[in-house]
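Reading through the structure tokens given below for one structure.
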Amino acid sequence: MATTFRNKSLISLLAIVLATTLQAQQNVRAWYADGQVWVVWETTQPLPETYAIYAKPTQFNNTASATLLGRLFPQEYFPGALREQVDSAATYKIPNGQGGTYQLKNNEGLFVATPHQAGALWIAVVAWGETTVTPGVNLTQGPVSFLYSPANDPVECHLQQVFPSPFSAGHYCFAFYIWADGRQNQWENRPDFPVMANAAKNGMPSLFMISAPIALDTAGGIPLSIWLHGGGGTARQSLAGSRTDIHLNPKKGILLAHNDDLIGKLLTFFSGLDGVSRHFGWRKNYDPFSGDPPTAPDTIVNYTQRRYIWIDEWLIKNWHIDRHRININGHSMGSKGTTMLAKAFPEHYASATILNNGFEEADPPALIDVIFGPSASSFPTNLTDYSGKTVGYSRAMNLDNRLSTMRDLPLLRVFSGKNDTQSGASWDAYVVEQYRAADSLGWGAQLYWSERSHGPDTGPDYDDHWINGNAATQQTVVDDIAYEEEQFRSDVSFPAFFNHRLDQKNNDPGDGTSGTGPNGDGDDWGTWGGYHRWDENTTADQPNGWAVTTWLEANAVFDNDNCPNNFLTASVAIRKPQKFKPAAGKILHWSVKDTANGAVLQNGTTVVQADGLVVLPQIAVFRENIRRVRIEVIDQTVATGEPTQGVLSNLSIMPNPGSSSAYLTIQAQKTAEAIVCANGIDGRPAWVSVRLQAGENRVPMSIFENLPTGFYGISVQVDGVRQVVKWIKI
């Protein structure tokens with residue numbers, strides 16, 4: 001959790017805050033810009049623990065007659081996170097309401113309100129506990145007018161600083177702030193801006209940073225990779241070039257690092273835990289100014305998730321991000337946030353990488369109870385699972401449940417260390433239970449374990465089976481930002497390999513005993529599914545069929561990435577299909593072919609499950625240096641679009657009757673993929689996929705050499721057009 005580092009940082013931050021120039025509190029002023037109201041004042045010394053902001057449509061001289069808009073700690077009315085991580089002398093940079101920007105002085109505080117209707121308010125700023133207000137001193141000189149036009153004047157993010165990455169000469173970094181609209185009704189969203197906090201945290205600032213290659217190509221859609229820090233960590237830790245053992249170096253896109261900014265009295269000033277929202281949210285009735293635990297069950301609202309998703313949408317609009325190439329990553333507490341985001345918004349992400357380890361904690365720190373309630377109570381969240389039931393918070397970060405009504409998840413890649421003893425992420429029986437559950441459910445998970453300890457937040461290289469150093473020949477590429485930029489899309493279906501534990505050639509994680517060697521149980525390292533690769537460019541996803549080319553890694557630079565077995569057997573579920581969505585109960589035909597010569601290695605039929613999922617049992621996939629295979633699934637009852645007239649003609653078999661040496665002649669009007677099926681009197685069809693060229697095609701009937709002699713209907717289907725010819729095999 002790196003709390004020692006965080007405590008030192010807090011001490012430094014408080015010193016910076018207290019060194020602010022001495023001034024009397026005065027000059028409270030406010031204006032409207034970019035969908036929000038900006039309240040600026042000169043702070044007093046000594047700094048109060050919190051400032052409070054009040055408002056009223058008419059002039060007032062006492063806060064008792066006004067409405068409390070919000071209350072801020074010094075780390076919030078000053079840019080505490082920015083000062084700590086980027087520039088110790090930083091001040092907020094905000095829109096000035098006239099098309100430009102205003103840079104706050106080093107003694108000026110800031111509060112930002114988000115209106116839900118047009119109007120005008122007198123606004124006061126006082127140290128908490130003060131009640132008297134005076135115009136021109138701690139009350140605005142007059143009412144502050146503001147608009148409400150979500151369509152024409154939406155809320156925006158605001159750039160604070162641009163600076164070279166401190167970890168990579170090839171990247172620049174951009175620091176932004178966003179200010180939350182906090183309301184007790186979490187569904188009271190503006191059309192352009194969701195509720196991102198409860199009323200007690202209204203106006204809460206949040207920092208995020210973007211790293212981009214200097215030579216970023218902005219001609220097309222840009223991939224976005226997101227990195228979530230661990231408990232006690234910061235966004236700065238995930239800037240480009242940082243953490244060389246997991247290569248945070250975007251090549252084609254940008255890297256987004258969030259700061260988990262929930263600030264609370266006890267949590268900030270005493271415990272040193274600043275990432276307490278776990279990149280998810282907090283209790284609806286959480287009071288950050290008392291730190292008192294709840295006395296009754298409370299709903300955990302996903303305020304932080306809402307902020308992260310909104311920022312992604314803002315980047316899609318303003319930075320030309322390709323919405324189908326968004327990948328999320330996280331370590332330790334950040335892995336919990338990653339797991340929950342990937343499950344709550346599965347269509348939003350192409351993949352999720354979960355490092356050490358993202359699951360429910362058995363015994364979380366007592367102070368966390370203030371934010372989320374006791375772990376054993378599992379307070380309800382505002383999310384519902386696949387069956388529509390409310391999700392309990394303690395179960396939200398596991399792999400064996402879903403946080404939305406969507407059937408499919410993005411590809412999940414999970415890394416855990418058998419020597420990880422860090423609280424909340426340690427290797428134990430619960431982790432192994434989650435691995436076994438994920439491997440049996442077929443949602444699409446590549447599971448890794450090894451000799452590593454907790455990871456990059458708490459030390460240098462992992463020094464384990466997957467990472468032996470920082471050179472390309474010394475570590476896996478699958479957790480690199482550049483790898484996920486190239487490999488994954490959320491709008492392309494993928495083969496979810498599972499049931500790896502049933503193949504005895506795979507490794508065994510053991511029973512959860514911590515440690516490796518003679519002190520551990522099971523294999524010190526291994527993966528279920530981590531050697532499987534496929535080419536999304538070869539994915540065929542049509543109403544009448546689905547196919548993909550796949551193999552086991554054999555040509556990796558890092559030798560440990562190469563599969564040690566010639567082949568592995570696993571079941572396959574088709575996840576995130578875009579067009580291939582056969583009805584439950586349908587019988588589908590599938591085959592596995594050698595891509596080099598088209599030889600059929602396996603084939604059979606499968607019945608579509610009740611939820612529409614298509615699963616193929618026990619598919620053998622080989623090392624790439626042996627063969628690549630193409631998995632194909634066909635629904636022969638579906639036509640695609642309007643029948644194409646004249647695609648097929650002159651269908652004939654010669655000689656007929658004939659043996660397997662006969663030829664099927666097909667006249668095709670275009671190059672196309674055809675399904676050739678043989679239906680005999682036993683009712684069990686045999687079929688193969690054949691690539692037709694425009695013109696005459698001669699297909700050897702040896703494709704059905706294993707069929708017994710008898711009468712067959714030979715059908716050929718292209719683009720929904722189906723023709724049949726009778727054949728007598730002798």
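How things are named: the first chain in the structure tokens is A, the next is B, and so on; residues count from 1 in each chain; ligands count from 1 in the order shown.
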Practice item. Mind the document's chain letters and residue numbers, and return as a VMD selection string the residues of range 488-706 of chain A that DSSP labels strand (DSSP E). Key: chain A and resid 494 to 498 526 to 528 532 to 542 545 to 552 567 to 575 587 to 594 600 to 607 615 to 622 629 to 634 648 to 654 663 to 668 672 to 680 686 to 692 695 to 700
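Within the 9 Å cut-off around range 686-697 of chain A, using only C-alpha atoms and omitting residues fewer than 6 positions from it on the same chain, the listed residues are His589, Trp590, Ser591, Gly598, Val600, Asn603, Gly604, Glu632, Leu664, Thr665, Ile666, Gln667, Ala668, Gln669, Lys670, Thr671, Ala672, Glu673, Ala674, Ile675, Val676, Cys677, Ala678, Asn679, Gly680, Ile703, Phe704 and Leu707 of chain A.
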Check your understanding: Which polymer residues have any atom within 9 Å of an atom of Asn259 in chain A, counting only C-alpha atoms, with same-chain residues fewer than 6 positions away left out, as an MDAnalysis selection string?
Key -> chainID A and resid 81 206:209 228:229 233:236 275 279
For the residues in the current selection, export all heavy atoms as a tab-separated table (two decimals), in the first residue's frame.
chain	number	residue	atom	x	y	z
A	81	ALA	N	-2.98	17.93	-4.97
A	81	ALA	CA	-2.41	16.82	-5.73
A	81	ALA	C	-1.43	17.33	-6.77
A	81	ALA	O	-0.36	16.73	-6.99
A	81	ALA	CB	-3.53	16.01	-6.39
A	206	SER	N	-10.65	16.80	-8.76
A	206	SER	CA	-9.96	15.54	-9.04
A	206	SER	C	-8.93	15.77	-10.14
A	206	SER	O	-9.23	16.37	-11.17
A	206	SER	CB	-10.95	14.46	-9.48
A	206	SER	OG	-11.80	14.10	-8.40
A	207	LEU	N	-7.74	15.25	-9.90
A	207	LEU	CA	-6.63	15.39	-10.84
A	207	LEU	C	-6.53	14.14	-11.71
A	207	LEU	O	-6.69	13.02	-11.23
A	207	LEU	CB	-5.32	15.56	-10.06
A	207	LEU	CG	-4.02	15.53	-10.86
A	207	LEU	CD1	-3.84	16.82	-11.65
A	207	LEU	CD2	-2.83	15.30	-9.94
A	208	PHE	N	-6.27	14.33	-12.99
A	208	PHE	CA	-5.86	13.22	-13.84
A	208	PHE	C	-4.78	13.72	-14.79
A	208	PHE	O	-4.68	14.91	-15.08
A	208	PHE	CB	-7.03	12.59	-14.60
A	208	PHE	CG	-7.68	13.46	-15.65
A	208	PHE	CD1	-7.26	13.42	-16.98
A	208	PHE	CD2	-8.74	14.29	-15.32
A	208	PHE	CE1	-7.87	14.19	-17.94
A	208	PHE	CE2	-9.37	15.08	-16.28
A	208	PHE	CZ	-8.93	15.03	-17.60
A	209	MET	N	-3.92	12.80	-15.21
A	209	MET	CA	-2.81	13.15	-16.08
A	209	MET	C	-2.81	12.28	-17.33
A	209	MET	O	-3.13	11.09	-17.28
A	209	MET	CB	-1.48	12.97	-15.35
A	209	MET	CG	-1.31	13.85	-14.13
A	209	MET	SD	0.40	13.80	-13.54
A	209	MET	CE	0.15	14.27	-11.83
A	228	LEU	N	-4.56	2.64	-13.10
A	228	LEU	CA	-5.05	3.03	-11.78
A	228	LEU	C	-4.03	2.65	-10.72
A	228	LEU	O	-3.60	1.49	-10.65
A	228	LEU	CB	-6.39	2.33	-11.49
A	228	LEU	CG	-7.50	2.53	-12.52
A	228	LEU	CD1	-8.77	1.84	-12.05
A	228	LEU	CD2	-7.75	4.00	-12.80
A	229	HIS	N	-3.66	3.62	-9.88
A	229	HIS	CA	-2.63	3.40	-8.87
A	229	HIS	C	-3.15	2.59	-7.69
A	229	HIS	O	-4.35	2.44	-7.49
A	229	HIS	CB	-2.06	4.73	-8.39
A	229	HIS	CG	-3.07	5.60	-7.68
A	229	HIS	ND1	-3.54	5.34	-6.42
A	229	HIS	CD2	-3.69	6.75	-8.08
A	229	HIS	CE1	-4.39	6.28	-6.06
A	229	HIS	NE2	-4.52	7.14	-7.05
A	233	GLY	N	-0.84	5.34	-3.49
A	233	GLY	CA	-0.16	5.76	-4.70
A	233	GLY	C	-0.73	7.04	-5.26
A	233	GLY	O	-1.63	7.67	-4.69
A	234	THR	N	-0.19	7.45	-6.40
A	234	THR	CA	-0.62	8.68	-7.05
A	234	THR	C	-0.65	8.48	-8.55
A	234	THR	O	-0.10	7.52	-9.08
A	234	THR	CB	0.34	9.84	-6.73
A	234	THR	OG1	1.63	9.53	-7.28
A	234	THR	CG2	0.45	10.09	-5.24
A	235	ALA	N	-1.28	9.43	-9.24
A	235	ALA	CA	-1.31	9.39	-10.70
A	235	ALA	C	0.10	9.49	-11.28
A	235	ALA	O	0.40	8.88	-12.30
A	235	ALA	CB	-2.19	10.52	-11.23
A	236	ARG	N	0.97	10.25	-10.63
A	236	ARG	CA	2.33	10.43	-11.13
A	236	ARG	C	3.05	9.10	-11.32
A	236	ARG	O	3.88	8.96	-12.23
A	236	ARG	CB	3.12	11.33	-10.18
A	236	ARG	CG	4.56	11.57	-10.60
A	236	ARG	CD	5.32	12.35	-9.53
A	236	ARG	NE	6.74	12.47	-9.86
A	236	ARG	CZ	7.27	13.44	-10.58
A	236	ARG	NH1	6.49	14.39	-11.06
A	236	ARG	NH2	8.56	13.48	-10.82
A	275	GLY	N	-6.27	6.89	-1.41
A	275	GLY	CA	-6.99	6.21	-2.47
A	275	GLY	C	-8.20	5.47	-1.96
A	275	GLY	O	-8.48	4.37	-2.40
A	279	HIS	N	-11.15	3.62	-6.44
A	279	HIS	CA	-11.51	3.89	-7.82
A	279	HIS	C	-12.95	3.45	-8.10
A	279	HIS	O	-13.30	3.14	-9.25
A	279	HIS	CB	-10.55	3.21	-8.78
A	279	HIS	CG	-9.11	3.55	-8.55
A	279	HIS	ND1	-8.56	4.74	-8.92
A	279	HIS	CD2	-8.10	2.85	-7.96
A	279	HIS	CE1	-7.27	4.76	-8.60
A	279	HIS	NE2	-6.98	3.63	-7.99
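Neighbours of range 58-65 of chain A closer than or equal to 12 Å, with only C-alpha atoms counted and sequence neighbours fewer than 6 positions away skipped, come out as Ala52, Gly119, Ala120, Leu121, Trp122, Ile123, Ala124, Val125, Val126, Ala127, Trp128, Gly129, Glu130, Thr131, Thr132, Val133, Thr134, Pro135, Gly136, Val137, Asn138, Leu139, Thr140, Gln141, Gly142, Pro143 and Val144 of chain A.
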Practice item. May I have all residues of range 127-342 of chain A that DSSP, computed from the backbone, assigns to alpha helix (DSSP H), given as a ChimeraX atom specification? Key: /A:265-266,303-318,333-342
Once you have the residues from the selection above, write them out as a PDB file, in the first residue's frame, restricted to N, CA and C atoms.
ATOM      1  N   LYS A 265     -11.153  13.779   6.697  1.00  0.00           N
ATOM      2  CA  LYS A 265     -10.397  14.267   7.851  1.00  0.00           C
ATOM      3  C   LYS A 265      -9.454  13.212   8.414  1.00  0.00           C
ATOM      4  N   LEU A 266      -9.984  12.082   8.842  1.00  0.00           N
ATOM      5  CA  LEU A 266      -9.136  11.050   9.436  1.00  0.00           C
ATOM      6  C   LEU A 266      -8.234  10.421   8.388  1.00  0.00           C
ATOM      7  N   TYR A 303     -19.525   6.788  -7.474  1.00  0.00           N
ATOM      8  CA  TYR A 303     -19.199   8.151  -7.886  1.00  0.00           C
ATOM      9  C   TYR A 303     -17.916   8.200  -8.719  1.00  0.00           C
ATOM     10  N   THR A 304     -16.877   7.493  -8.292  1.00  0.00           N
ATOM     11  CA  THR A 304     -15.587   7.553  -8.984  1.00  0.00           C
ATOM     12  C   THR A 304     -15.671   6.899 -10.350  1.00  0.00           C
ATOM     13  N   GLN A 305     -16.354   5.776 -10.432  1.00  0.00           N
ATOM     14  CA  GLN A 305     -16.538   5.142 -11.736  1.00  0.00           C
ATOM     15  C   GLN A 305     -17.205   6.093 -12.724  1.00  0.00           C
ATOM     16  N   ARG A 306     -18.201   6.814 -12.259  1.00  0.00           N
ATOM     17  CA  ARG A 306     -18.897   7.753 -13.131  1.00  0.00           C
ATOM     18  C   ARG A 306     -17.932   8.812 -13.659  1.00  0.00           C
ATOM     19  N   ARG A 307     -17.058   9.303 -12.775  1.00  0.00           N
ATOM     20  CA  ARG A 307     -16.091  10.315 -13.188  1.00  0.00           C
ATOM     21  C   ARG A 307     -15.150   9.762 -14.249  1.00  0.00           C
ATOM     22  N   TYR A 308     -14.643   8.560 -14.032  1.00  0.00           N
ATOM     23  CA  TYR A 308     -13.700   7.978 -14.975  1.00  0.00           C
ATOM     24  C   TYR A 308     -14.333   7.766 -16.343  1.00  0.00           C
ATOM     25  N   ILE A 309     -15.557   7.248 -16.361  1.00  0.00           N
ATOM     26  CA  ILE A 309     -16.226   7.014 -17.642  1.00  0.00           C
ATOM     27  C   ILE A 309     -16.497   8.335 -18.353  1.00  0.00           C
ATOM     28  N   TRP A 310     -16.906   9.365 -17.591  1.00  0.00           N
ATOM     29  CA  TRP A 310     -17.170  10.672 -18.201  1.00  0.00           C
ATOM     30  C   TRP A 310     -15.896  11.258 -18.793  1.00  0.00           C
ATOM     31  N   ILE A 311     -14.774  11.125 -18.101  1.00  0.00           N
ATOM     32  CA  ILE A 311     -13.505  11.639 -18.622  1.00  0.00           C
ATOM     33  C   ILE A 311     -13.142  10.920 -19.917  1.00  0.00           C
ATOM     34  N   ASP A 312     -13.366   9.607 -19.959  1.00  0.00           N
ATOM     35  CA  ASP A 312     -13.121   8.873 -21.204  1.00  0.00           C
ATOM     36  C   ASP A 312     -13.954   9.458 -22.342  1.00  0.00           C
ATOM     37  N   GLU A 313     -15.226   9.725 -22.069  1.00  0.00           N
ATOM     38  CA  GLU A 313     -16.097  10.268 -23.108  1.00  0.00           C
ATOM     39  C   GLU A 313     -15.630  11.658 -23.531  1.00  0.00           C
ATOM     40  N   TRP A 314     -15.147  12.439 -22.573  1.00  0.00           N
ATOM     41  CA  TRP A 314     -14.616  13.763 -22.894  1.00  0.00           C
ATOM     42  C   TRP A 314     -13.381  13.646 -23.792  1.00  0.00           C
ATOM     43  N   LEU A 315     -12.534  12.669 -23.515  1.00  0.00           N
ATOM     44  CA  LEU A 315     -11.348  12.453 -24.341  1.00  0.00           C
ATOM     45  C   LEU A 315     -11.724  11.952 -25.725  1.00  0.00           C
ATOM     46  N   ILE A 316     -12.744  11.113 -25.811  1.00  0.00           N
ATOM     47  CA  ILE A 316     -13.218  10.652 -27.117  1.00  0.00           C
ATOM     48  C   ILE A 316     -13.630  11.846 -27.972  1.00  0.00           C
ATOM     49  N   LYS A 317     -14.279  12.805 -27.344  1.00  0.00           N
ATOM     50  CA  LYS A 317     -14.771  13.977 -28.059  1.00  0.00           C
ATOM     51  C   LYS A 317     -13.659  14.960 -28.381  1.00  0.00           C
ATOM     52  N   ASN A 318     -12.750  15.177 -27.446  1.00  0.00           N
ATOM     53  CA  ASN A 318     -11.781  16.267 -27.584  1.00  0.00           C
ATOM     54  C   ASN A 318     -10.380  15.827 -27.993  1.00  0.00           C
ATOM     55  N   MET A 333      -4.698  -1.868  -5.071  1.00  0.00           N
ATOM     56  CA  MET A 333      -6.014  -1.269  -4.986  1.00  0.00           C
ATOM     57  C   MET A 333      -6.525  -0.866  -6.359  1.00  0.00           C
ATOM     58  N   GLY A 334      -5.608  -0.434  -7.226  1.00  0.00           N
ATOM     59  CA  GLY A 334      -5.999  -0.099  -8.591  1.00  0.00           C
ATOM     60  C   GLY A 334      -6.507  -1.291  -9.363  1.00  0.00           C
ATOM     61  N   SER A 335      -6.040  -2.494  -8.999  1.00  0.00           N
ATOM     62  CA  SER A 335      -6.559  -3.692  -9.667  1.00  0.00           C
ATOM     63  C   SER A 335      -7.990  -3.964  -9.239  1.00  0.00           C
ATOM     64  N   LYS A 336      -8.328  -3.617  -8.004  1.00  0.00           N
ATOM     65  CA  LYS A 336      -9.716  -3.751  -7.571  1.00  0.00           C
ATOM     66  C   LYS A 336     -10.602  -2.796  -8.373  1.00  0.00           C
ATOM     67  N   GLY A 337     -10.124  -1.554  -8.530  1.00  0.00           N
ATOM     68  CA  GLY A 337     -10.866  -0.594  -9.339  1.00  0.00           C
ATOM     69  C   GLY A 337     -10.997  -1.042 -10.777  1.00  0.00           C
ATOM     70  N   THR A 338      -9.924  -1.618 -11.317  1.00  0.00           N
ATOM     71  CA  THR A 338      -9.946  -2.111 -12.688  1.00  0.00           C
ATOM     72  C   THR A 338     -10.971  -3.222 -12.856  1.00  0.00           C
ATOM     73  N   THR A 339     -10.972  -4.171 -11.922  1.00  0.00           N
ATOM     74  CA  THR A 339     -11.921  -5.282 -11.995  1.00  0.00           C
ATOM     75  C   THR A 339     -13.352  -4.775 -11.960  1.00  0.00           C
ATOM     76  N   MET A 340     -13.628  -3.853 -11.040  1.00  0.00           N
ATOM     77  CA  MET A 340     -14.997  -3.368 -10.898  1.00  0.00           C
ATOM     78  C   MET A 340     -15.437  -2.554 -12.109  1.00  0.00           C
ATOM     79  N   LEU A 341     -14.548  -1.730 -12.663  1.00  0.00           N
ATOM     80  CA  LEU A 341     -14.902  -0.958 -13.856  1.00  0.00           C
ATOM     81  C   LEU A 341     -15.149  -1.862 -15.055  1.00  0.00           C
ATOM     82  N   ALA A 342     -14.275  -2.855 -15.241  1.00  0.00           N
ATOM     83  CA  ALA A 342     -14.423  -3.758 -16.382  1.00  0.00           C
ATOM     84  C   ALA A 342     -15.733  -4.529 -16.310  1.00  0.00           C
TER      85      ALA A 342
END
Point to revise | Residues near Arg29 in chain A, cut-off 7 Å, only C-alpha atoms, skip fewer than 5 positions along chain, as a ChimeraX atom specification | key: /A:39-41,140
Against range 479-495 of chain A, which residues of range 323-374 of chain A fall within 12 Å? For each one I want the closest pair of atoms and the distance in Å (one decimal), counting only C-alpha atoms, rows by chain and increasing residue number, as CSV.
residue,atom,partner,partner_atom,distance
A:Arg323,CA,A:Ser490,CA,8.2
A:His324,CA,A:Ser490,CA,4.9
A:Arg325,CA,A:Arg489,CA,5.0
A:Ile326,CA,A:Arg489,CA,7.5
A:Asn327,CA,A:Glu484,CA,7.0
A:Ile328,CA,A:Glu484,CA,9.5
A:Asn329,CA,A:Asp479,CA,8.8
A:Gly330,CA,A:Asp479,CA,10.6
A:His331,CA,A:Asp479,CA,11.4
A:Ala342,CA,A:Ser490,CA,11.4
A:Phe345,CA,A:Ser490,CA,11.2
A:Pro346,CA,A:Ser490,CA,8.6
A:Glu347,CA,A:Ser490,CA,6.5
A:His348,CA,A:Ser490,CA,6.9
A:Tyr349,CA,A:Ser490,CA,5.8
A:Ala350,CA,A:Ser490,CA,4.0
A:Ser351,CA,A:Phe488,CA,6.7
A:Ala352,CA,A:Glu484,CA,9.4
A:Thr353,CA,A:Asp479,CA,7.1
A:Ile354,CA,A:Asp479,CA,9.3
A:Leu355,CA,A:Asp479,CA,9.2
